[in-house]
file structure_11.cif (mmCIF, C-alpha atoms, pLDDT in the B column; chains and numbers go by the auth columns)
data_start
#
loop_
_atom_site.group_PDB
_atom_site.id
_atom_site.type_symbol
_atom_site.label_atom_id
_atom_site.label_comp_id
_atom_site.label_asym_id
_atom_site.label_seq_id
_atom_site.Cartn_x
_atom_site.Cartn_y
_atom_site.Cartn_z
_atom_site.B_iso_or_equiv
_atom_site.auth_seq_id
_atom_site.auth_asym_id
ATOM 1 C CA PHE A 1 52.440 27.615 -68.639 50.00 3 O
ATOM 2 C CA LEU A 2 49.007 28.340 -67.185 52.00 4 O
ATOM 3 C CA PHE A 3 47.460 26.331 -70.015 54.00 5 O
ATOM 4 C CA LEU A 4 49.753 23.397 -69.205 52.00 6 O
ATOM 5 C CA LEU A 5 48.916 23.680 -65.523 54.00 7 O
ATOM 6 C CA ILE A 6 45.169 23.644 -66.151 56.00 8 O
ATOM 7 C CA SER A 7 45.621 20.744 -68.594 55.00 9 O
ATOM 8 C CA GLY A 8 47.515 18.886 -65.887 54.00 10 O
ATOM 9 C CA LEU A 9 44.613 19.404 -63.486 55.00 11 O
ATOM 10 C CA TYR A 10 42.265 17.945 -66.057 56.00 12 O
ATOM 11 C CA LEU A 11 44.510 14.924 -66.539 57.00 13 O
ATOM 12 C CA TRP A 12 44.678 14.523 -62.760 55.00 14 O
ATOM 13 C CA LEU A 13 40.938 13.780 -62.576 61.00 15 O
ATOM 14 C CA PRO A 14 40.342 10.049 -62.076 60.00 16 O
ATOM 15 C CA ARG A 15 38.621 8.141 -64.844 64.00 17 O
ATOM 16 C CA VAL A 16 35.997 6.802 -62.435 62.00 18 O
ATOM 17 C CA TRP A 17 34.013 9.446 -60.569 63.00 19 O
ATOM 18 C CA HIS A 18 33.944 7.822 -57.170 62.00 20 O
ATOM 19 C CA PRO A 19 34.956 9.168 -53.721 70.00 21 O
ATOM 20 C CA MET A 20 37.478 6.369 -53.284 65.00 22 O
ATOM 21 C CA ALA A 21 39.123 7.197 -56.616 66.00 23 O
ATOM 22 C CA PHE A 22 39.469 10.843 -55.629 68.00 24 O
ATOM 23 C CA ARG A 23 40.830 9.850 -52.224 71.00 25 O
ATOM 24 C CA LEU A 24 43.526 7.683 -53.800 70.00 26 O
ATOM 25 C CA HIS A 25 44.556 10.613 -56.016 69.00 27 O
ATOM 26 C CA ALA A 26 44.481 13.197 -53.230 73.00 28 O
ATOM 27 C CA TRP A 27 46.189 11.329 -50.391 79.00 29 O
ATOM 28 C CA PHE A 28 49.097 8.969 -49.840 81.00 30 O
ATOM 29 C CA ASN A 29 48.346 5.327 -50.450 80.00 31 O
ATOM 30 C CA PRO A 30 49.931 3.157 -47.710 79.00 32 O
ATOM 31 C CA LYS A 31 49.454 -0.009 -49.786 79.00 33 O
ATOM 32 C CA VAL A 32 51.892 0.828 -52.577 81.00 34 O
ATOM 33 C CA ASP A 33 54.453 -1.974 -52.857 81.00 35 O
ATOM 34 C CA ASN A 34 56.802 -0.826 -55.620 84.00 36 O
ATOM 35 C CA ALA A 35 58.585 2.272 -56.890 84.00 37 O
ATOM 36 C CA LYS A 36 56.301 2.729 -59.888 83.00 38 O
ATOM 37 C CA ALA A 37 53.141 2.758 -57.769 82.00 39 O
ATOM 38 C CA ARG A 38 54.804 5.072 -55.254 85.00 40 O
ATOM 39 C CA ASP A 39 55.834 7.571 -57.942 83.00 41 O
ATOM 40 C CA TYR A 40 52.362 7.455 -59.465 82.00 42 O
ATOM 41 C CA ASN A 41 50.741 8.117 -56.088 82.00 43 O
ATOM 42 C CA TRP A 42 53.137 10.895 -55.078 83.00 44 O
ATOM 43 C CA HIS A 43 52.814 12.613 -58.451 82.00 45 O
ATOM 44 C CA HIS A 44 49.041 12.860 -58.097 80.00 46 O
ATOM 45 C CA VAL A 45 49.027 13.786 -54.405 84.00 47 O
ATOM 46 C CA PHE A 46 51.504 16.642 -54.711 84.00 48 O
ATOM 47 C CA GLY A 47 49.879 17.786 -57.950 80.00 49 O
ATOM 48 C CA PHE A 48 46.524 18.076 -56.189 80.00 50 O
ATOM 49 C CA TRP A 49 47.681 19.949 -53.081 82.00 51 O
ATOM 50 C CA THR A 50 49.944 22.393 -54.901 82.00 52 O
ATOM 51 C CA ALA A 51 47.604 23.233 -57.798 80.00 53 O
ATOM 52 C CA ILE A 52 46.020 26.382 -56.366 79.00 54 O
ATOM 53 C CA PRO A 53 49.240 27.874 -54.906 84.00 55 O
ATOM 54 C CA LEU A 54 50.999 27.116 -58.199 81.00 56 O
ATOM 55 C CA ILE A 55 48.329 28.966 -60.186 81.00 57 O
ATOM 56 C CA VAL A 56 48.829 32.027 -57.954 83.00 58 O
ATOM 57 C CA ILE A 57 52.630 31.850 -58.182 83.00 59 O
ATOM 58 C CA VAL A 58 52.621 31.363 -61.954 81.00 60 O
ATOM 59 C CA TYR A 59 50.123 34.140 -62.694 82.00 61 O
ATOM 60 C CA THR A 60 51.856 36.660 -60.445 86.00 62 O
ATOM 61 C CA ALA A 61 55.125 35.858 -62.244 86.00 63 O
ATOM 62 C CA THR A 62 53.553 36.709 -65.606 86.00 64 O
ATOM 63 C CA VAL A 63 52.722 40.188 -64.272 88.00 65 O
ATOM 64 C CA PHE A 64 56.440 40.827 -63.718 85.00 66 O
ATOM 65 C CA TYR A 65 57.643 39.672 -67.117 86.00 67 O
ATOM 66 C CA TYR A 66 54.830 40.407 -69.581 86.00 68 O
ATOM 67 C CA GLY A 67 53.424 43.858 -70.231 87.00 69 O
ATOM 68 C CA TRP A 68 50.049 42.548 -71.382 88.00 70 O
ATOM 69 C CA SER A 69 49.556 40.737 -68.059 87.00 71 O
ATOM 70 C CA ASN A 70 50.528 43.809 -66.069 88.00 72 O
ATOM 71 C CA ASP A 71 48.119 45.958 -68.115 90.00 73 O
ATOM 72 C CA LEU A 72 45.357 43.383 -67.691 89.00 74 O
ATOM 73 C CA LEU A 73 45.754 43.532 -63.912 89.00 75 O
ATOM 74 C CA TYR A 74 45.339 47.316 -63.821 90.00 76 O
ATOM 75 C CA ARG A 75 42.363 47.277 -66.184 91.00 77 O
ATOM 76 C CA ALA A 76 40.677 44.506 -64.176 90.00 78 O
ATOM 77 C CA PHE A 77 40.549 46.952 -61.251 90.00 79 O
ATOM 78 C CA GLY A 78 39.368 49.881 -63.359 87.00 80 O
ATOM 79 C CA ASP A 79 42.732 51.686 -63.682 87.00 81 O
ATOM 80 C CA GLU A 80 44.739 52.764 -66.675 87.00 82 O
ATOM 81 C CA PRO A 81 48.086 50.951 -66.858 86.00 83 O
ATOM 82 C CA PRO A 82 51.084 53.186 -66.150 82.00 84 O
ATOM 83 C CA SER A 83 52.909 54.317 -69.247 73.00 85 O
ATOM 84 C CA GLY A 84 56.499 53.207 -69.631 56.00 86 O
ATOM 85 C CA GLY A 85 57.667 55.911 -71.968 39.00 87 O
ATOM 86 C CA GLY A 86 60.182 58.611 -71.146 39.00 88 O
ATOM 87 C CA GLY A 87 59.203 62.189 -70.609 39.00 89 O
ATOM 88 C CA GLY A 88 60.334 64.885 -72.970 41.00 90 O
ATOM 89 C CA PRO A 89 63.243 65.233 -75.371 40.00 91 O
ATOM 90 C CA PRO A 90 66.786 64.350 -74.255 40.00 92 O
ATOM 91 C CA ALA A 91 67.885 67.984 -74.088 41.00 93 O
ATOM 92 C CA ALA A 92 65.074 68.835 -71.688 43.00 94 O
ATOM 93 C CA ARG A 93 65.881 65.910 -69.396 45.00 95 O
ATOM 94 C CA ALA A 94 69.585 66.726 -69.374 44.00 96 O
ATOM 95 C CA GLU A 95 69.058 70.188 -67.892 51.00 97 O
ATOM 96 C CA ALA A 96 69.237 70.158 -64.109 49.00 98 O
ATOM 97 C CA LYS A 97 67.547 72.887 -62.120 52.00 99 O
ATOM 98 C CA PRO A 98 69.664 74.416 -59.382 51.00 100 O
ATOM 99 C CA VAL A 99 68.370 73.422 -55.962 53.00 101 O
ATOM 100 C CA ALA A 100 69.305 74.248 -52.412 59.00 102 O
ATOM 101 C CA GLU A 101 71.922 72.146 -50.701 81.00 103 O
ATOM 102 C CA GLN A 102 70.563 68.839 -49.454 84.00 104 O
ATOM 103 C CA LEU A 103 70.549 67.871 -45.806 87.00 105 O
ATOM 104 C CA PRO A 104 72.719 64.903 -44.786 89.00 106 O
ATOM 105 C CA LEU A 105 70.973 61.571 -45.187 90.00 107 O
ATOM 106 C CA ASP A 106 71.165 60.772 -41.468 90.00 108 O
ATOM 107 C CA VAL A 107 69.296 64.001 -40.694 91.00 109 O
ATOM 108 C CA LEU A 108 66.624 63.173 -43.269 90.00 110 O
ATOM 109 C CA LEU A 109 66.332 59.667 -41.834 90.00 111 O
ATOM 110 C CA SER A 110 65.853 61.076 -38.330 90.00 112 O
ATOM 111 C CA ASN A 111 63.090 63.316 -39.639 89.00 113 O
ATOM 112 C CA ALA A 112 61.455 60.341 -41.341 89.00 114 O
ATOM 113 C CA GLU A 113 61.486 58.420 -38.045 89.00 115 O
ATOM 114 C CA THR A 114 59.632 61.237 -36.302 86.00 116 O
ATOM 115 C CA GLN A 115 57.058 61.518 -39.111 79.00 117 O
ATOM 116 C CA ALA A 116 56.028 57.839 -38.944 76.00 118 O
ATOM 117 C CA ASP A 117 55.421 56.038 -35.671 77.00 119 O
ATOM 118 C CA ASP A 118 55.275 52.253 -35.125 82.00 120 O
ATOM 119 C CA TRP A 119 57.653 51.611 -38.037 88.00 121 O
ATOM 120 C CA GLU A 120 59.516 48.320 -38.307 88.00 122 O
ATOM 121 C CA ARG A 121 61.716 49.171 -41.279 90.00 123 O
ATOM 122 C CA ILE A 122 62.547 52.342 -43.185 91.00 124 O
ATOM 123 C CA THR A 123 63.975 52.109 -46.693 90.00 125 O
ATOM 124 C CA LEU A 124 65.595 55.107 -48.357 89.00 126 O
ATOM 125 C CA ALA A 125 65.714 55.598 -52.117 83.00 127 O
ATOM 126 C CA LEU A 126 69.127 57.263 -52.574 87.00 128 O
ATOM 127 C CA PRO A 127 68.591 60.640 -54.270 85.00 129 O
ATOM 128 C CA ASP A 128 70.890 62.192 -56.848 85.00 130 O
ATOM 129 C CA ALA A 129 72.679 65.478 -56.256 81.00 131 O
ATOM 130 C CA THR A 130 69.890 67.569 -57.810 84.00 132 O
ATOM 131 C CA ALA A 131 66.896 65.866 -56.183 87.00 133 O
ATOM 132 C CA GLU A 132 64.469 68.211 -54.467 89.00 134 O
ATOM 133 C CA GLN A 133 62.701 65.413 -52.613 91.00 135 O
ATOM 134 C CA VAL A 134 63.702 62.182 -50.909 92.00 136 O
ATOM 135 C CA ARG A 135 61.391 59.169 -50.786 92.00 137 O
ATOM 136 C CA PHE A 136 61.205 56.732 -47.892 93.00 138 O
ATOM 137 C CA THR A 137 59.283 53.474 -47.671 90.00 139 O
ATOM 138 C CA ILE A 138 57.827 53.030 -44.193 90.00 140 O
ATOM 139 C CA ASP A 139 57.143 49.393 -43.365 89.00 141 O
ATOM 140 C CA ARG A 140 54.971 48.673 -40.337 86.00 142 O
ATOM 141 C CA GLY A 141 54.556 44.945 -41.044 80.00 143 O
ATOM 142 C CA THR A 142 56.773 41.905 -41.332 76.00 144 O
ATOM 143 C CA GLY A 143 58.571 43.141 -44.440 71.00 145 O
ATOM 144 C CA GLY A 144 56.340 41.614 -47.100 77.00 146 O
ATOM 145 C CA GLN A 145 52.834 42.826 -46.293 83.00 147 O
ATOM 146 C CA PRO A 146 51.849 45.529 -48.807 86.00 148 O
ATOM 147 C CA GLN A 147 48.990 46.868 -46.681 87.00 149 O
ATOM 148 C CA HIS A 148 51.573 47.971 -44.103 87.00 150 O
ATOM 149 C CA ARG A 149 53.976 49.664 -46.544 88.00 151 O
ATOM 150 C CA HIS A 150 53.617 53.422 -47.002 90.00 152 O
ATOM 151 C CA THR A 151 55.568 56.135 -48.802 91.00 153 O
ATOM 152 C CA LEU A 152 56.936 59.246 -47.107 92.00 154 O
ATOM 153 C CA VAL A 153 58.375 62.138 -49.133 93.00 155 O
ATOM 154 C CA LEU A 154 60.559 64.793 -47.476 92.00 156 O
ATOM 155 C CA ASN A 155 61.970 68.024 -48.815 91.00 157 O
ATOM 156 C CA ALA A 156 65.666 67.352 -49.404 90.00 158 O
ATOM 157 C CA ALA A 157 66.769 70.868 -48.401 89.00 159 O
ATOM 158 C CA THR A 158 64.610 71.450 -45.321 89.00 160 O
ATOM 159 C CA GLY A 159 63.620 67.946 -44.200 88.00 161 O
ATOM 160 C CA THR A 160 59.979 68.955 -43.918 90.00 162 O
ATOM 161 C CA LEU A 161 57.087 66.770 -45.000 91.00 163 O
ATOM 162 C CA SER A 162 56.237 67.001 -48.703 91.00 164 O
ATOM 163 C CA ALA A 163 53.828 64.079 -49.047 91.00 165 O
ATOM 164 C CA TRP A 164 52.486 61.126 -47.099 91.00 166 O
ATOM 165 C CA GLU A 165 51.136 58.306 -49.269 89.00 167 O
ATOM 166 C CA PRO A 166 49.703 55.412 -47.228 89.00 168 O
ATOM 167 C CA PHE A 167 48.806 52.160 -48.934 89.00 169 O
ATOM 168 C CA GLN A 168 45.093 52.915 -48.624 89.00 170 O
ATOM 169 C CA SER A 169 45.517 56.101 -50.674 89.00 171 O
ATOM 170 C CA GLN A 170 46.736 54.170 -53.726 87.00 172 O
ATOM 171 C CA THR A 171 44.346 53.359 -56.553 89.00 173 O
ATOM 172 C CA ALA A 172 42.785 49.905 -56.698 90.00 174 O
ATOM 173 C CA GLY A 173 45.029 48.878 -59.580 90.00 175 O
ATOM 174 C CA ARG A 174 48.170 50.030 -57.799 88.00 176 O
ATOM 175 C CA GLN A 175 47.150 48.220 -54.619 89.00 177 O
ATOM 176 C CA ALA A 176 46.559 45.032 -56.612 90.00 178 O
ATOM 177 C CA ARG A 177 49.987 45.394 -58.249 89.00 179 O
ATOM 178 C CA LEU A 178 51.626 45.699 -54.825 87.00 180 O
ATOM 179 C CA TRP A 179 49.747 42.629 -53.607 90.00 181 O
ATOM 180 C CA VAL A 180 50.916 40.644 -56.628 89.00 182 O
ATOM 181 C CA ARG A 181 54.541 41.416 -55.793 85.00 183 O
ATOM 182 C CA PHE A 182 54.283 39.740 -52.387 86.00 184 O
ATOM 183 C CA LEU A 183 51.766 37.049 -53.280 86.00 185 O
ATOM 184 C CA HIS A 184 54.394 35.616 -55.618 86.00 186 O
ATOM 185 C CA THR A 185 56.809 35.015 -52.752 82.00 187 O
ATOM 186 C CA GLY A 186 54.154 34.250 -50.132 83.00 188 O
ATOM 187 C CA GLU A 187 55.282 37.159 -47.975 82.00 189 O
ATOM 188 C CA ALA A 188 51.841 38.782 -48.078 81.00 190 O
ATOM 189 C CA PHE A 189 50.581 36.219 -45.567 82.00 191 O
ATOM 190 C CA GLY A 190 53.604 36.274 -43.298 78.00 192 O
ATOM 191 C CA LEU A 191 55.413 33.153 -42.166 80.00 193 O
ATOM 192 C CA LEU A 192 52.535 30.857 -43.183 84.00 194 O
ATOM 193 C CA GLY A 193 52.486 32.195 -46.743 83.00 195 O
ATOM 194 C CA GLN A 194 56.255 31.908 -47.099 82.00 196 O
ATOM 195 C CA THR A 195 56.128 28.340 -45.799 86.00 197 O
ATOM 196 C CA ILE A 196 53.459 27.404 -48.346 85.00 198 O
ATOM 197 C CA ALA A 197 55.399 29.044 -51.186 83.00 199 O
ATOM 198 C CA GLY A 198 58.573 27.207 -50.173 85.00 200 O
ATOM 199 C CA PHE A 199 56.721 23.899 -49.878 86.00 201 O
ATOM 200 C CA VAL A 200 55.155 24.337 -53.312 85.00 202 O
ATOM 201 C CA SER A 201 58.543 25.102 -54.845 83.00 203 O
ATOM 202 C CA ALA A 202 60.009 21.946 -53.309 85.00 204 O
ATOM 203 C CA THR A 203 57.101 19.710 -54.316 86.00 205 O
ATOM 204 C CA THR A 204 57.249 21.042 -57.870 83.00 206 O
ATOM 205 C CA ILE A 205 60.747 19.573 -58.144 86.00 207 O
ATOM 206 C CA LEU A 206 59.423 16.300 -56.756 86.00 208 O
ATOM 207 C CA MET A 207 56.571 16.297 -59.293 84.00 209 O
ATOM 208 C CA VAL A 208 59.052 16.772 -62.128 86.00 210 O
ATOM 209 C CA TRP A 209 61.140 13.862 -60.835 88.00 211 O
ATOM 210 C CA THR A 210 58.212 11.472 -60.368 86.00 212 O
ATOM 211 C CA GLY A 211 56.777 12.449 -63.774 84.00 213 O
ATOM 212 C CA PHE A 212 60.137 11.813 -65.411 87.00 214 O
ATOM 213 C CA ALA A 213 60.441 8.450 -63.630 86.00 215 O
ATOM 214 C CA LEU A 214 56.986 7.370 -64.792 83.00 216 O
ATOM 215 C CA ALA A 215 57.686 8.453 -68.359 85.00 217 O
ATOM 216 C CA TRP A 216 61.031 6.619 -68.320 85.00 218 O
ATOM 217 C CA ARG A 217 59.474 3.359 -67.189 83.00 219 O
ATOM 218 C CA ARG A 218 56.639 3.593 -69.708 82.00 220 O
ATOM 219 C CA LEU A 219 58.345 4.994 -72.807 80.00 221 O
ATOM 220 C CA ILE A 220 62.122 4.756 -72.575 78.00 222 O
ATOM 221 C CA SER A 221 62.871 1.664 -70.517 77.00 223 O
ATOM 222 C CA PRO A 222 61.044 -0.764 -72.868 77.00 224 O
ATOM 223 C CA LEU A 223 63.339 0.304 -75.717 75.00 225 O
ATOM 224 C CA PHE A 224 66.341 -1.177 -73.905 76.00 226 O
ATOM 225 C CA ARG A 225 64.728 -4.490 -73.001 72.00 227 O
ATOM 226 C CA ARG A 226 65.778 -7.593 -74.845 62.00 228 O
ATOM 227 C CA ARG A 227 63.116 -9.502 -76.705 55.00 229 O
#

call {"tool": "encode", "arguments": {"input": "structure_11.cif", "output": "C-alpha cells"}}
result
Amino acid sequence: FLFLLISGLYLWLPRVWHPMAFRLHAWFNPKVDNAKARDYNWHHVFGFWTAIPLIVIVYTATVFYYGWSNDLLYRAFGDEPPSGGGGGPPAARAEAKPVAEQLPLDVLLSNAETQADDWERITLALPDATAEQVRFTIDRGTGGQPQHRHTLVLNAATGTLSAWEPFQSQTAGRQARLWVRFLHTGEAFGLLGQTIAGFVSATTILMVWTGFALAWRRLISPLFRRR
C-alpha cells in the first residue's frame, strides 16, 4: 500500500513544471464548469493535502499487523525486538505458586491514587487469583498522549509500591512503539491530531469516489455509447 501511495504522489505531479500548474493541482479551481473537471480537481487537491498524514497512518498500521515492520521499528531505534515466544514448558507454566491473599481492588486503586498525583485516568489490568503484583496505567494527559502514560506496579497482598515505570524510563524502541500506537489515531497530538486523522479518513473516501468517477467516464462509459 505504501508503494501505491508513493506511486500516486508521483502521478499527482503535473506534466508541466510551472507554479500555476502546481497551484491548480493543490487548490480548488473555481472555474470548473462540469462534473468531470470538478472530480479531477477534487481528486488532486485532496490527494495532495492528505498525502503526508496518509503515509503516517498507513505505516503505523503496518507496525500493528506485520512482525517485520514492528521489528524494523525497534531496530531503527537501536533496540532488540521483543520476543513473542512463550516461556518454559507447559507443565512449568501450569504450576501456580501459593501467594498471600490479595487486597480488594478498590483498596489497591486507592493506593494507586495516592502514589501518583495529577492523574487524569487510572486503568487497572485485572489480575488473576495467583498474581503477586497488580499493574496500573497512570494517564496524566488527554488519554492518547504516550509521553503522559506511566506504569505503576503494586504488591497485590500489601498494596505497597513494587515498581514505578514512567514513560521516560522506557527504552527508545519502546517509546517509539508507544508513539506509533497513538500516531495512527491522531491522539498523540490531542484534539488537533484527531481532527486531522478524521479529516484524512473522510477525504480518502472522497478520493476513491472521484477516482472511480473519472475511471468510469474514461474507460467504462464509452463502451455503452452508441456509434

call {"tool": "residues_around", "arguments": {"input": "structure_11.cif", "residues": "Thr206 of chain O", "least_positions_apart": "4", "cutoff": "10 Å", "atoms": "all atoms listed in the file", "output": "short mmCIF file (atom, residue, chain, number, x, y, z; two decimals) with C-alpha atoms, in the frame of the given file"}}
result
data_model
loop_
_atom_site.label_atom_id
_atom_site.label_comp_id
_atom_site.auth_asym_id
_atom_site.auth_seq_id
_atom_site.Cartn_x
_atom_site.Cartn_y
_atom_site.Cartn_z
CA HIS O 45 52.81 12.61 -58.45
CA PHE O 48 51.50 16.64 -54.71
CA GLY O 49 49.88 17.79 -57.95
CA THR O 52 49.94 22.39 -54.90
CA ALA O 53 47.60 23.23 -57.80
CA LEU O 56 51.00 27.12 -58.20
CA GLY O 200 58.57 27.21 -50.17
CA PHE O 201 56.72 23.90 -49.88
CA VAL O 202 55.16 24.34 -53.31
CA VAL O 210 59.05 16.77 -62.13
CA TRP O 211 61.14 13.86 -60.84
CA THR O 212 58.21 11.47 -60.37
#

call {"tool": "closest_residue", "arguments": {"input": "structure_11.cif", "among": "O:Thr116, O:Asn43, O:Thr205, O:Asn72", "to": "Arg176 of chain O", "atoms": "only C-alpha atoms"}}
result
O:Asn72

call {"tool": "closest_residue", "arguments": {"input": "structure_11.cif", "among": "O:Leu225, O:Val182, O:Ala118, O:Ala199", "to": "Pro55 of chain O", "atoms": "only C-alpha atoms"}}
result
O:Ala199

call {"tool": "residues_near_point", "arguments": {"input": "structure_11.cif", "point": "(72.9, 61.9, -44.7)", "cutoff": "12 Å", "atoms": "all atoms listed in the file", "output": "PyMOL selection string"}}
result
chain O and resi 103-113+126+128-129+136+158-159+161

call {"tool": "write_last_selection", "arguments": {"input": "structure_11.cif", "atoms": "C-alpha atoms", "output": "short mmCIF file (atom, residue, chain, number, x, y, z; two decimals), keeping the file's coordinate frame"}}
result
data_model
loop_
_atom_site.label_atom_id
_atom_site.label_comp_id
_atom_site.auth_asym_id
_atom_site.auth_seq_id
_atom_site.Cartn_x
_atom_site.Cartn_y
_atom_site.Cartn_z
CA GLU O 103 71.92 72.15 -50.70
CA GLN O 104 70.56 68.84 -49.45
CA LEU O 105 70.55 67.87 -45.81
CA PRO O 106 72.72 64.90 -44.79
CA LEU O 107 70.97 61.57 -45.19
CA ASP O 108 71.17 60.77 -41.47
CA VAL O 109 69.30 64.00 -40.69
CA LEU O 110 66.62 63.17 -43.27
CA LEU O 111 66.33 59.67 -41.83
CA SER O 112 65.85 61.08 -38.33
CA ASN O 113 63.09 63.32 -39.64
CA LEU O 126 65.60 55.11 -48.36
CA LEU O 128 69.13 57.26 -52.57
CA PRO O 129 68.59 60.64 -54.27
CA VAL O 136 63.70 62.18 -50.91
CA ALA O 158 65.67 67.35 -49.40
CA ALA O 159 66.77 70.87 -48.40
CA GLY O 161 63.62 67.95 -44.20
#

call {"tool": "atom_distance", "arguments": {"input": "structure_11.cif", "atom1": "atom CA of Arg137 of chain O", "atom2": "atom CA of Ala165 of chain O"}}
result
9.2 Å

call {"tool": "atom_distance", "arguments": {"input": "structure_11.cif", "atom1": "atom CA of Ser164 of chain O", "atom2": "atom CA of Thr144 of chain O"}}
result
26.2 Å

call {"tool": "residues_around", "arguments": {"input": "structure_11.cif", "residues": "segment 219-224 of chain O", "least_positions_apart": "6", "cutoff": "12 Å", "atoms": "only C-alpha atoms", "output": "PyMOL selection string"}}
result
chain O and resi 37-39+41-42+212-213

call {"tool": "atom_distance", "arguments": {"input": "structure_11.cif", "atom1": "atom CA of Arg142 of chain O", "atom2": "atom CA of Val65 of chain O"}}
result
25.5 Å

call {"tool": "resolve_selection", "arguments": {"input": "structure_11.cif", "expression": "the PyMOL selection byres ((chain O and resi 187) around 9)", "output": "PyMOL selection string"}}
result
chain O and resi 59+146+183-186+188-190+195-196+199-200

call {"tool": "residues_near_point", "arguments": {"input": "structure_11.cif", "point": "(59.0, 53.8, -41.8)", "cutoff": "8 Å", "atoms": "all atoms listed in the file", "output": "list of chain:residue names"}}
result
O:Ala114, O:Glu115, O:Ala118, O:Asp119, O:Asp120, O:Trp121, O:Glu122, O:Arg123, O:Ile124, O:Thr125, O:Phe138, O:Thr139, O:Ile140, O:Asp141, O:Arg142, O:His152, O:Leu154

call {"tool": "axis_aligned_box", "arguments": {"input": "structure_11.cif", "around": "segment 113-127 of chain O", "padding_each_side": "6 Å", "output": "lines of an AutoDock Vina configuration file"}}
result
center_x = 60.5
center_y = 55.8
center_z = -43.6
size_x = 22.4
size_y = 27.0
size_z = 29.0

call {"tool": "residues_around", "arguments": {"input": "structure_11.cif", "residues": "Val47 of chain O", "least_positions_apart": "6", "cutoff": "9 Å", "atoms": "all atoms listed in the file", "output": "VMD selection string"}}
result
chain O and resid 26 to 30

call {"tool": "write_last_selection", "arguments": {"input": "structure_11.cif", "atoms": "C-alpha atoms", "output": "tab-separated table (two decimals), keeping the file's coordinate frame"}}
result
chain	number	residue	atom	x	y	z
O	26	LEU	CA	43.53	7.68	-53.80
O	27	HIS	CA	44.56	10.61	-56.02
O	28	ALA	CA	44.48	13.20	-53.23
O	29	TRP	CA	46.19	11.33	-50.39
O	30	PHE	CA	49.10	8.97	-49.84

call {"tool": "closest_residue", "arguments": {"input": "structure_11.cif", "among": "O:Gln147, O:Thr153, O:Thr162, O:Gln117", "to": "Leu193 of chain O", "atoms": "all atoms listed in the file"}}
result
O:Gln147

call {"tool": "closest_residue", "arguments": {"input": "structure_11.cif", "among": "O:Val60, O:Val34, O:Met209, O:Val155", "to": "His46 of chain O", "atoms": "all atoms listed in the file"}}
result
O:Met209

call {"tool": "build_atoms", "arguments": {"input": "structure_11.cif", "residues": "segment 70-81 of chain O", "atoms": "N, CA, C and O atoms", "output": "CSV table (one decimal), keeping the file's coordinate frame"}}
result
chain,number,residue,atom,x,y,z
O,70,TRP,N,51.5,42.7,-71.2
O,70,TRP,CA,50.0,42.5,-71.4
O,70,TRP,C,49.4,42.1,-70.1
O,70,TRP,O,48.3,42.4,-69.8
O,71,SER,N,50.1,41.2,-69.3
O,71,SER,CA,49.6,40.7,-68.1
O,71,SER,C,49.5,41.8,-67.0
O,71,SER,O,48.5,42.0,-66.3
O,72,ASN,N,50.5,42.7,-67.0
O,72,ASN,CA,50.5,43.8,-66.1
O,72,ASN,C,49.4,44.8,-66.4
O,72,ASN,O,48.7,45.3,-65.5
O,73,ASP,N,49.2,45.1,-67.7
O,73,ASP,CA,48.1,46.0,-68.1
O,73,ASP,C,46.8,45.4,-67.8
O,73,ASP,O,45.8,46.1,-67.4
O,74,LEU,N,46.6,44.1,-68.0
O,74,LEU,CA,45.4,43.4,-67.7
O,74,LEU,C,45.0,43.5,-66.2
O,74,LEU,O,43.8,43.7,-65.9
O,75,LEU,N,46.0,43.4,-65.4
O,75,LEU,CA,45.8,43.5,-63.9
O,75,LEU,C,45.2,44.9,-63.6
O,75,LEU,O,44.2,45.0,-62.8
O,76,TYR,N,45.8,46.0,-64.1
O,76,TYR,CA,45.3,47.3,-63.8
O,76,TYR,C,43.9,47.5,-64.4
O,76,TYR,O,43.1,48.1,-63.7
O,77,ARG,N,43.7,47.1,-65.6
O,77,ARG,CA,42.4,47.3,-66.2
O,77,ARG,C,41.3,46.5,-65.5
O,77,ARG,O,40.1,46.9,-65.4
O,78,ALA,N,41.6,45.3,-64.9
O,78,ALA,CA,40.7,44.5,-64.2
O,78,ALA,C,40.2,45.2,-62.9
O,78,ALA,O,39.0,45.0,-62.5
O,79,PHE,N,41.0,46.2,-62.4
O,79,PHE,CA,40.5,47.0,-61.3
O,79,PHE,C,40.1,48.4,-61.6
O,79,PHE,O,40.1,49.2,-60.8
O,80,GLY,N,39.9,48.6,-62.9
O,80,GLY,CA,39.4,49.9,-63.4
O,80,GLY,C,40.4,51.0,-63.5
O,80,GLY,O,40.0,52.2,-63.5
O,81,ASP,N,41.7,50.7,-63.6
O,81,ASP,CA,42.7,51.7,-63.7
O,81,ASP,C,43.4,51.6,-65.1
O,81,ASP,O,43.4,50.6,-65.7
